[in-house]
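Below is the file model_17.tsv, which contains TSV, C-alpha atoms and all ligand atoms.
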```tsv
chain	number	residue	atom	x	y	z
A	25	MET	CA	-3.79	-14.39	-8.91
A	26	GLY	CA	-0.05	-14.43	-9.20
A	27	SER	CA	0.89	-12.60	-12.32
A	28	LEU	CA	2.18	-9.07	-12.27
A	29	GLU	CA	3.58	-7.06	-15.13
A	30	ILE	CA	6.64	-5.18	-13.95
A	31	VAL	CA	8.19	-2.35	-15.98
A	32	GLN	CA	11.68	-1.21	-15.07
A	33	ILE	CA	12.31	2.51	-15.69
A	34	PRO	CA	15.94	3.67	-15.41
A	35	VAL	CA	16.14	7.26	-14.13
A	36	LEU	CA	18.76	9.70	-12.80
A	37	THR	CA	22.28	8.22	-12.78
A	38	ASP	CA	21.61	4.67	-11.64
A	39	ASN	CA	18.11	4.49	-10.11
A	40	TYR	CA	15.38	2.05	-11.09
A	41	VAL	CA	11.72	2.97	-10.71
A	42	TYR	CA	9.20	0.14	-11.18
A	43	LEU	CA	5.67	0.12	-12.50
A	44	VAL	CA	3.72	-2.82	-11.10
A	45	HIS	CA	0.58	-3.73	-13.03
A	46	GLU	CA	-1.99	-6.32	-11.99
A	47	PRO	CA	-3.66	-7.34	-15.25
A	48	SER	CA	-6.90	-8.88	-13.97
A	49	THR	CA	-8.08	-5.58	-12.48
A	50	GLY	CA	-5.78	-3.10	-14.21
A	51	ALA	CA	-4.52	-1.87	-10.86
A	52	THR	CA	-1.16	-0.14	-11.23
A	53	GLY	CA	1.40	1.04	-8.74
A	54	VAL	CA	4.82	2.62	-8.90
A	55	VAL	CA	7.67	1.77	-6.54
A	56	ASP	CA	10.01	4.58	-5.45
A	57	PRO	CA	9.36	7.23	-8.11
A	58	ALA	CA	12.50	9.34	-7.99
A	59	VAL	CA	11.00	11.60	-10.65
A	60	ALA	CA	7.53	11.93	-12.13
A	61	GLU	CA	7.93	12.57	-15.87
A	62	PRO	CA	9.35	9.20	-16.98
A	63	VAL	CA	6.70	7.46	-14.88
A	64	LEU	CA	3.88	9.45	-16.52
A	65	ALA	CA	5.35	8.68	-19.93
A	66	ALA	CA	5.57	4.93	-19.21
A	67	LEU	CA	1.99	4.93	-17.89
A	68	GLY	CA	0.80	6.87	-20.94
A	69	THR	CA	2.23	4.55	-23.56
A	70	ARG	CA	0.43	1.63	-21.86
A	71	SER	CA	-2.78	3.50	-21.03
A	72	TRP	CA	-2.37	2.48	-17.39
A	73	ARG	CA	-3.89	4.53	-14.59
A	74	LEU	CA	-1.73	5.00	-11.52
A	75	GLY	CA	-3.50	4.06	-8.29
A	76	HIS	CA	-0.67	3.64	-5.78
A	77	ILE	CA	2.76	5.02	-5.04
A	78	LEU	CA	4.76	2.57	-2.89
A	79	ASN	CA	7.78	4.09	-1.15
A	80	THR	CA	10.49	2.08	0.58
A	81	HIS	CA	12.19	5.01	2.34
A	82	HIS	CA	12.38	8.78	2.46
A	83	HIS	CA	15.48	9.53	0.36
A	84	GLY	CA	14.93	12.01	-2.47
A	85	ASP	CA	15.90	9.51	-5.17
A	86	HIS	CA	12.95	7.37	-4.02
A	87	VAL	CA	10.22	9.93	-3.21
A	88	GLY	CA	11.15	12.86	-5.47
A	89	GLY	CA	8.22	12.24	-7.83
A	90	ASN	CA	5.57	11.61	-5.15
A	91	LEU	CA	3.82	14.97	-5.10
A	92	ALA	CA	3.81	15.57	-8.85
A	93	LEU	CA	2.48	12.04	-9.49
A	94	LYS	CA	-0.15	12.39	-6.78
A	95	GLN	CA	-1.22	15.71	-8.28
A	96	ALA	CA	-1.36	14.31	-11.81
A	97	THR	CA	-3.07	10.99	-11.04
A	98	GLY	CA	-4.67	11.17	-7.59
A	99	ALA	CA	-2.66	8.10	-6.57
A	100	THR	CA	-2.54	6.98	-2.93
A	101	VAL	CA	0.90	7.25	-1.35
A	102	VAL	CA	1.92	4.23	0.78
A	103	GLY	CA	5.07	4.31	2.89
A	104	PRO	CA	6.77	3.38	6.15
A	105	ARG	CA	4.92	4.19	9.35
A	106	ALA	CA	8.25	4.53	11.15
A	107	ASP	CA	9.11	7.43	8.82
A	108	ALA	CA	5.65	8.88	8.16
A	109	ALA	CA	6.78	12.48	8.63
A	110	ARG	CA	9.49	12.20	5.97
A	111	ILE	CA	7.41	10.71	3.11
A	112	PRO	CA	5.94	13.50	0.92
A	113	GLY	CA	2.17	13.17	0.48
A	114	LEU	CA	1.88	10.02	2.59
A	115	ASP	CA	-1.71	8.70	2.79
A	116	VAL	CA	-1.31	5.16	4.15
A	117	ALA	CA	1.41	4.23	6.64
A	118	VAL	CA	2.39	0.55	6.84
A	119	GLY	CA	4.74	-1.59	8.90
A	120	ASP	CA	6.04	-5.08	9.48
A	121	GLY	CA	3.68	-7.91	8.56
A	122	GLU	CA	0.95	-5.71	7.10
A	123	THR	CA	-0.52	-6.25	3.65
A	124	VAL	CA	-0.74	-3.81	0.75
A	125	ARG	CA	-3.28	-4.62	-1.96
A	126	LEU	CA	-2.81	-3.86	-5.62
A	127	GLY	CA	-5.94	-5.11	-7.38
A	128	ALA	CA	-5.92	-8.89	-6.92
A	129	ALA	CA	-2.26	-8.88	-5.85
A	130	GLU	CA	-0.99	-8.58	-2.31
A	131	ALA	CA	2.32	-7.49	-0.92
A	132	THR	CA	3.58	-8.27	2.55
A	133	VAL	CA	5.50	-5.42	4.15
A	134	PHE	CA	8.75	-5.98	6.04
A	135	ASP	CA	10.39	-3.42	8.30
A	136	VAL	CA	14.04	-3.47	7.22
A	137	PRO	CA	15.80	-0.65	9.11
A	138	GLY	CA	19.51	0.01	8.65
A	139	HIS	CA	19.96	2.16	5.55
A	140	THR	CA	17.38	4.50	7.11
A	141	ARG	CA	15.49	3.97	10.34
A	142	GLY	CA	12.13	3.65	8.57
A	143	HIS	CA	13.03	1.54	5.53
A	144	ILE	CA	10.46	-1.06	4.42
A	145	ALA	CA	10.31	-3.69	1.66
A	146	TYR	CA	7.31	-5.00	-0.31
A	147	TRP	CA	7.09	-8.72	-1.08
A	148	PHE	CA	4.54	-9.84	-3.69
A	149	ARG	CA	4.68	-13.48	-2.71
A	150	ALA	CA	2.50	-14.95	-5.48
A	151	ALA	CA	4.50	-13.07	-8.12
A	152	ASP	CA	7.89	-13.89	-6.54
A	153	ALA	CA	8.78	-10.20	-6.56
A	154	LEU	CA	10.57	-8.30	-3.80
A	155	PHE	CA	10.93	-4.52	-3.89
A	156	CYS	CA	13.67	-3.82	-1.39
A	157	GLY	CA	14.75	-0.26	-2.16
A	158	ASP	CA	18.24	0.39	-0.82
A	159	THR	CA	18.37	-2.47	1.69
A	160	LEU	CA	19.49	-5.43	-0.46
A	161	PHE	CA	21.25	-4.77	-3.77
A	162	ALA	CA	22.44	-7.20	-6.40
A	163	LEU	CA	25.76	-8.31	-4.84
A	164	GLY	CA	25.52	-5.59	-2.22
A	165	CYS	CA	23.54	-3.85	0.48
A	166	GLY	CA	22.70	-0.27	1.37
A	167	ARG	CA	24.95	2.00	3.38
A	168	LEU	CA	24.15	2.29	7.07
A	169	PHE	CA	23.11	5.94	7.25
A	170	GLU	CA	20.74	5.61	10.21
A	171	GLY	CA	21.13	2.09	11.56
A	172	THR	CA	23.61	-0.25	13.15
A	173	PRO	CA	25.16	-3.34	11.57
A	174	VAL	CA	23.12	-5.48	13.98
A	175	GLN	CA	19.88	-3.86	12.75
A	176	MET	CA	20.84	-4.20	9.10
A	177	TRP	CA	21.85	-7.82	9.55
A	178	ALA	CA	18.45	-8.55	11.15
A	179	SER	CA	16.78	-6.84	8.18
A	180	LEU	CA	18.81	-8.80	5.62
A	181	THR	CA	18.07	-12.01	7.50
A	182	LYS	CA	14.34	-11.46	6.89
A	183	LEU	CA	14.92	-11.03	3.15
A	184	ARG	CA	17.48	-13.86	2.91
A	185	GLY	CA	14.85	-16.35	4.07
A	186	LEU	CA	12.43	-15.69	1.19
A	187	PRO	CA	11.99	-18.37	-1.51
A	188	ASP	CA	14.80	-19.09	-3.99
A	189	ALA	CA	12.82	-17.86	-7.00
A	190	THR	CA	12.17	-14.42	-5.47
A	191	ARG	CA	13.25	-11.75	-7.92
A	192	VAL	CA	15.12	-8.94	-6.20
A	193	TYR	CA	13.97	-5.59	-7.62
A	194	CYS	CA	16.40	-3.25	-5.93
A	195	ALA	CA	16.51	0.49	-6.56
A	196	HIS	CA	19.99	0.98	-8.03
A	197	GLU	CA	22.24	-0.41	-10.74
A	198	TYR	CA	25.30	-0.81	-8.52
A	199	THR	CA	26.05	-4.42	-9.41
A	200	GLN	CA	29.29	-4.02	-11.33
A	201	SER	CA	31.08	-2.10	-8.59
A	202	ASN	CA	29.53	-4.37	-5.98
A	203	ALA	CA	30.99	-7.36	-7.85
A	204	ARG	CA	34.49	-5.86	-7.76
A	205	PHE	CA	34.23	-5.51	-4.00
A	206	ALA	CA	32.66	-8.94	-3.51
A	207	LEU	CA	35.61	-10.56	-5.27
A	208	THR	CA	37.97	-9.06	-2.68
A	209	VAL	CA	35.98	-10.74	0.10
A	210	GLU	CA	35.43	-14.15	-1.48
A	211	PRO	CA	37.76	-14.51	-4.48
A	212	ASP	CA	37.49	-18.31	-4.67
A	213	ASN	CA	33.68	-18.43	-4.85
A	214	ALA	CA	33.22	-19.90	-8.35
A	215	ALA	CA	29.59	-18.79	-8.56
A	216	LEU	CA	30.64	-15.23	-7.73
A	217	VAL	CA	33.46	-15.25	-10.28
A	218	ALA	CA	31.03	-16.45	-12.97
A	219	ARG	CA	28.40	-13.92	-11.97
A	220	ALA	CA	30.91	-11.05	-11.99
A	221	SER	CA	31.85	-11.79	-15.58
A	222	ALA	CA	28.19	-12.11	-16.59
A	223	VAL	CA	27.58	-8.72	-14.97
A	224	ASP	CA	30.50	-7.19	-16.89
A	225	ALA	CA	29.13	-8.61	-20.14
A	226	ALA	CA	25.61	-7.30	-19.45
A	227	ARG	CA	26.87	-3.82	-18.60
A	228	ALA	CA	29.11	-3.74	-21.66
A	229	ARG	CA	25.93	-4.16	-23.70
A	230	GLY	CA	24.09	-1.57	-21.62
A	231	ARG	CA	21.77	-4.20	-20.11
A	232	PRO	CA	20.38	-4.05	-16.58
A	233	THR	CA	21.66	-6.61	-14.06
A	234	VAL	CA	18.53	-6.16	-11.94
A	235	PRO	CA	16.41	-8.06	-11.00
A	236	SER	CA	18.49	-10.92	-9.75
A	237	THR	CA	17.09	-13.87	-7.82
A	238	LEU	CA	17.41	-14.59	-4.15
A	239	VAL	CA	19.07	-17.94	-4.82
A	240	GLU	CA	21.83	-16.12	-6.73
A	241	GLU	CA	22.20	-13.54	-3.97
A	242	ARG	CA	22.52	-16.18	-1.28
A	243	ALA	CA	25.25	-17.89	-3.31
A	244	THR	CA	27.28	-14.79	-4.23
A	245	ASN	CA	26.37	-11.65	-2.24
A	246	PRO	CA	28.96	-11.26	0.54
A	247	PHE	CA	26.48	-9.31	2.69
A	248	LEU	CA	24.21	-12.38	2.85
A	249	ARG	CA	27.10	-14.79	3.53
A	250	PRO	CA	28.60	-14.01	6.95
A	251	ASP	CA	28.30	-17.74	7.66
A	252	SER	CA	30.69	-18.57	4.79
A	253	ALA	CA	33.79	-20.28	6.16
A	254	ALA	CA	35.89	-18.78	3.36
A	255	ILE	CA	34.76	-15.22	4.14
A	256	ARG	CA	35.36	-15.77	7.86
A	257	ARG	CA	38.86	-17.07	7.22
A	258	ARG	CA	39.65	-14.15	4.94
A	259	LEU	CA	38.47	-11.61	7.52
A	260	GLY	CA	40.12	-13.39	10.46
A	261	LEU	CA	36.73	-13.78	12.16
A	262	ALA	CA	36.36	-17.55	12.28
A	263	ALA	CA	34.41	-17.63	15.57
A	264	ALA	CA	32.52	-14.32	15.42
A	265	GLU	CA	28.76	-13.80	15.41
A	266	ASP	CA	27.18	-13.46	11.96
A	267	ALA	CA	26.35	-9.81	12.71
A	268	ALA	CA	30.00	-9.08	13.50
A	269	VAL	CA	31.14	-10.66	10.22
A	270	PHE	CA	28.48	-8.67	8.37
A	271	ALA	CA	29.67	-5.49	10.12
A	272	GLU	CA	33.26	-6.09	8.99
A	273	VAL	CA	32.20	-6.73	5.38
A	274	ARG	CA	30.15	-3.50	5.45
A	275	ARG	CA	33.09	-1.57	7.00
A	276	ARG	CA	35.41	-2.78	4.24
A	277	LYS	CA	32.93	-1.84	1.55
A	278	ASP	CA	32.67	1.69	2.99
A	279	GLN	CA	36.42	2.03	2.49
A	280	PHE	CA	36.62	0.27	-0.87
B	1	ZN	ZN	18.47	5.52	-0.07
B	2	FE	FE	18.66	5.29	-3.27
```

Target encoding structure tokens, full file:
Amino acid sequence: MGSLEIVQIPVLTDNYVYLVHEPSTGATGVVDPAVAEPVLAALGTRSWRLGHILNTHHHGDHVGGNLALKQATGATVVGPRADAARIPGLDVAVGDGETVRLGAAEATVFDVPGHTRGHIAYWFRAADALFCGDTLFALGCGRLFEGTPVQMWASLTKLRGLPDATRVYCAHEYTQSNARFALTVEPDNAALVARASAVDAARARGRPTVPSTLVEERATNPFLRPDSAAIRRRLGLAAAEDAAVFAEVRRRKDQF
């Protein structure tokens, strides 16, 4: 049972909340509800009943709606075991390699520390959908608030290895500014240049640039490309470890 209906709800300044609906059973979840009201409205117009809240990490723009949604719907809150104490209303703690069920659909959980120490991602393999919160962004990656570059690189390595067709449902619309930075790191990457102009065109029309696909990210996202000879030359790190190249790209982005 592969199909999932995914509804993207833009909230706050640049956050995306996702409804995930499994049609054969009607099971419905929400990923990272920053706020409750727009989620309740989106459920209401579809007559969907919320059963699960799936959190990737503890930041307020990902869990802010947990308690109000739990109160309104009785939904079960699922979140990272490594951060259980910081997830409001947590009912079910999960970690690396465990499975979360949503009706007939299944998500594999990955521990992806770096942005926060307890960050997780949910991969619905049969639906080719990855919910990665603030770990991997379209053309970017999350800031290292609580982790080291080595940790974050290990986390991104797990996600980078998923199938080409995987759609990357990240939690923020940061792509346009990420593209500007990416072009400073790898200006001669033709796929990146083309993608950056497609992103500009989409944003000019007010369209989302998320989800992207993993095959696009591997070809254009500088944070997934520390093995690129062009990036290494540009950074003067021809012989460094991948994690060290990643760390330098992240350091430059922090100052961009
Ligand atoms: Zn965050
Ligand atoms: Fe966030």

* **Atomic separation - atom CA of A:His139 relative to atom CA of A:Phe169, Å** =>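 Atom CA of A:His139 lies 5.2 Å from atom CA of A:Phe169.
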
* Please provide the set of residues having any atom within 8 Å of A:Gly138, restricted to only C-alpha atoms, with same-chain residues fewer than 6 positions apart removed, written as a ChimeraX atom specification. => /A:159,166-173,175-176,179

* A:Phe148: which residues within 9 Å, counting all atoms listed in the file, same-chain residues fewer than 6 positions away excluded, as a ChimeraX atom specification? -> /A:26,28,129-132,154-155

* Excluding A:Ala268 and any residue of its chain fewer than 4 positions from it, enumerate the residues within 8 Å of it, using all atoms listed in the file, and give them as an MDAnalysis selection string. => chainID A and resid 173:174 264 272

* Using only C-alpha atoms and all ligand atoms, find each residue with an atom at most 7 Å away from ligand FE 2 (chain B) and format the answer as a PyMOL selection string. => chain A and resi 39+83+85-86+157-158+195-196

Would you output that residue set with C-alpha atoms, as a compact mmCIF listing (two decimals), keeping the file's coordinate frame?
```txt
# COMPACT_ATOMS: atom_id res chain seq x y z
CA ASN A 39 18.11 4.49 -10.11
CA HIS A 83 15.48 9.53 0.36
CA ASP A 85 15.90 9.51 -5.17
CA HIS A 86 12.95 7.37 -4.02
CA GLY A 157 14.75 -0.26 -2.16
CA ASP A 158 18.24 0.39 -0.82
CA ALA A 195 16.51 0.49 -6.56
CA HIS A 196 19.99 0.98 -8.03
```

Considering all atoms listed in the file, give me a table of residues in stretch 187-218 of chain A that are at most 12 Å from stretch 40-52 of chain A, with the closest atom pair and distance in Å for each, as CSV.
```
residue,atom,partner,partner_atom,distance
A:Val192,CA,A:Tyr42,CA,11.9
A:Tyr193,CA,A:Tyr42,CA,8.3
A:Cys194,CA,A:Tyr40,CA,7.5
A:Ala195,CA,A:Tyr40,CA,4.9
A:His196,CA,A:Tyr40,CA,5.6
A:Glu197,CA,A:Tyr40,CA,7.3
A:Tyr198,CA,A:Tyr40,CA,10.6
```

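Closest approach to ligand ZN 1 (chain B) from the set A:Asp56, A:Glu240, A:Asp120, A:Glu210 is made by A:Asp56, with distances taken over all atoms listed in the file.
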
* Asked: Distance atom CA of A:Asp251-atom CA of A:Leu186, one decimal place?
  ->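 Taking atom CA of A:Asp251 and atom CA of A:Leu186, their separation equals 17.3 Å.
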
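The space separating atom CA of A:Ala99 from atom CA of A:Arg73 comes to 8.9 Å.
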
* Selected residue, from A:Gly127, A:Pro246, A:Gly185, A:Gly53, that lies nearest to A:Val102 when counting all atoms listed in the file ->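 The answer is A:Gly53, which sits nearest to A:Val102.
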
* **A:Ala65 environment, 12 Å, all atoms listed in the file, sequence neighbours closer than 3 positions dropped, as a list in words** =>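 In the requested format, the answer is Ile33, Leu43, Val59, Ala60, Glu61, Pro62, Gly68, Thr69, Arg70, Ser71, Trp72, Arg73, Leu74, Leu93 and Ala96 of chain A.
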
* Asked: Which one of A:Thr140, A:Ser221, A:Thr208, A:Thr237 sits closest to A:Ile255 if you count all atoms listed in the file?
  -> A:Thr208

* Spatial neighbours of A:Lys94, 9 Å, only C-alpha atoms, chain gap at least 5 places, as a list in words ->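 Within the cut-off, the hits are Leu74, His76, Ile77, Gly89, Ala99, Thr100, Val101 and Gly113 of chain A.
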
Produce a file of the selected residues containing C-alpha atoms, as a short mmCIF file (atom, residue, chain, number, x, y, z; two decimals), in the coordinates of the input.
```
data_model
loop_
_atom_site.label_atom_id
_atom_site.label_comp_id
_atom_site.auth_asym_id
_atom_site.auth_seq_id
_atom_site.Cartn_x
_atom_site.Cartn_y
_atom_site.Cartn_z
CA LEU A 74 -1.73 5.00 -11.52
CA HIS A 76 -0.67 3.64 -5.78
CA ILE A 77 2.76 5.02 -5.04
CA GLY A 89 8.22 12.24 -7.83
CA ALA A 99 -2.66 8.10 -6.57
CA THR A 100 -2.54 6.98 -2.93
CA VAL A 101 0.90 7.25 -1.35
CA GLY A 113 2.17 13.17 0.48
#
```

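Ranking A:Ala189, A:Ala262, A:Leu207, A:Val217 by their shortest atom-to-atom distance to A:Ala150, with all atoms listed in the file included, puts A:Ala189 first.
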
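Residue nearest A:Thr244 within the list A:Trp177, A:Phe205, A:Trp147, A:Phe134: A:Phe205 [criterion: smallest interatomic distance, all atoms listed in the file].
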
* To do: Go through A:Asp152, A:Val118, A:Cys165, A:Ala222 one by one, measure the shortest atom-to-atom distance of each to ligand ZN 1 (chain B) using only C-alpha atoms and all ligand atoms, and give the residue with the smallest value.
  =>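 Closest candidate: A:Cys165.
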
Could you please fill out stretch 112-130 of chain A with N, CA and C atoms and send it back as a compact mmCIF listing (two decimals), in the frame of the given file?
```
# COMPACT_ATOMS: atom_id res chain seq x y z
N PRO A 112 6.81 12.45 1.46
CA PRO A 112 5.94 13.50 0.92
C PRO A 112 4.59 12.93 0.46
N GLY A 113 3.51 13.54 0.94
CA GLY A 113 2.17 13.17 0.48
C GLY A 113 1.65 11.87 1.04
N LEU A 114 2.27 11.35 2.09
CA LEU A 114 1.88 10.02 2.59
C LEU A 114 0.39 9.96 2.95
N ASP A 115 -0.29 8.94 2.45
CA ASP A 115 -1.71 8.70 2.79
C ASP A 115 -1.87 7.50 3.70
N VAL A 116 -1.13 6.42 3.42
CA VAL A 116 -1.31 5.16 4.15
C VAL A 116 0.05 4.71 4.69
N ALA A 117 0.16 4.66 6.01
CA ALA A 117 1.41 4.23 6.64
C ALA A 117 1.33 2.74 6.95
N VAL A 118 2.39 2.00 6.63
CA VAL A 118 2.39 0.55 6.84
C VAL A 118 3.67 0.12 7.56
N GLY A 119 3.59 -1.05 8.17
CA GLY A 119 4.74 -1.59 8.90
C GLY A 119 4.77 -3.11 8.82
N ASP A 120 5.69 -3.67 9.57
CA ASP A 120 6.04 -5.08 9.48
C ASP A 120 4.83 -6.02 9.54
N GLY A 121 4.72 -6.89 8.57
CA GLY A 121 3.68 -7.91 8.56
C GLY A 121 2.36 -7.47 7.97
N GLU A 122 2.21 -6.18 7.69
CA GLU A 122 0.95 -5.71 7.10
C GLU A 122 0.92 -6.00 5.61
N THR A 123 -0.30 -5.92 5.05
CA THR A 123 -0.52 -6.25 3.65
C THR A 123 -0.90 -5.01 2.87
N VAL A 124 -0.35 -4.88 1.68
CA VAL A 124 -0.74 -3.81 0.75
C VAL A 124 -1.38 -4.48 -0.45
N ARG A 125 -2.58 -4.03 -0.82
CA ARG A 125 -3.28 -4.62 -1.96
C ARG A 125 -3.09 -3.79 -3.21
N LEU A 126 -2.89 -4.50 -4.32
CA LEU A 126 -2.81 -3.86 -5.62
C LEU A 126 -3.71 -4.70 -6.53
N GLY A 127 -4.98 -4.28 -6.67
CA GLY A 127 -5.94 -5.11 -7.38
C GLY A 127 -6.03 -6.46 -6.70
N ALA A 128 -5.84 -7.54 -7.47
CA ALA A 128 -5.92 -8.89 -6.92
C ALA A 128 -4.60 -9.34 -6.31
N ALA A 129 -3.57 -8.52 -6.40
CA ALA A 129 -2.26 -8.88 -5.85
C ALA A 129 -2.10 -8.32 -4.45
N GLU A 130 -1.25 -9.00 -3.68
CA GLU A 130 -0.99 -8.58 -2.31
C GLU A 130 0.50 -8.57 -2.04
```
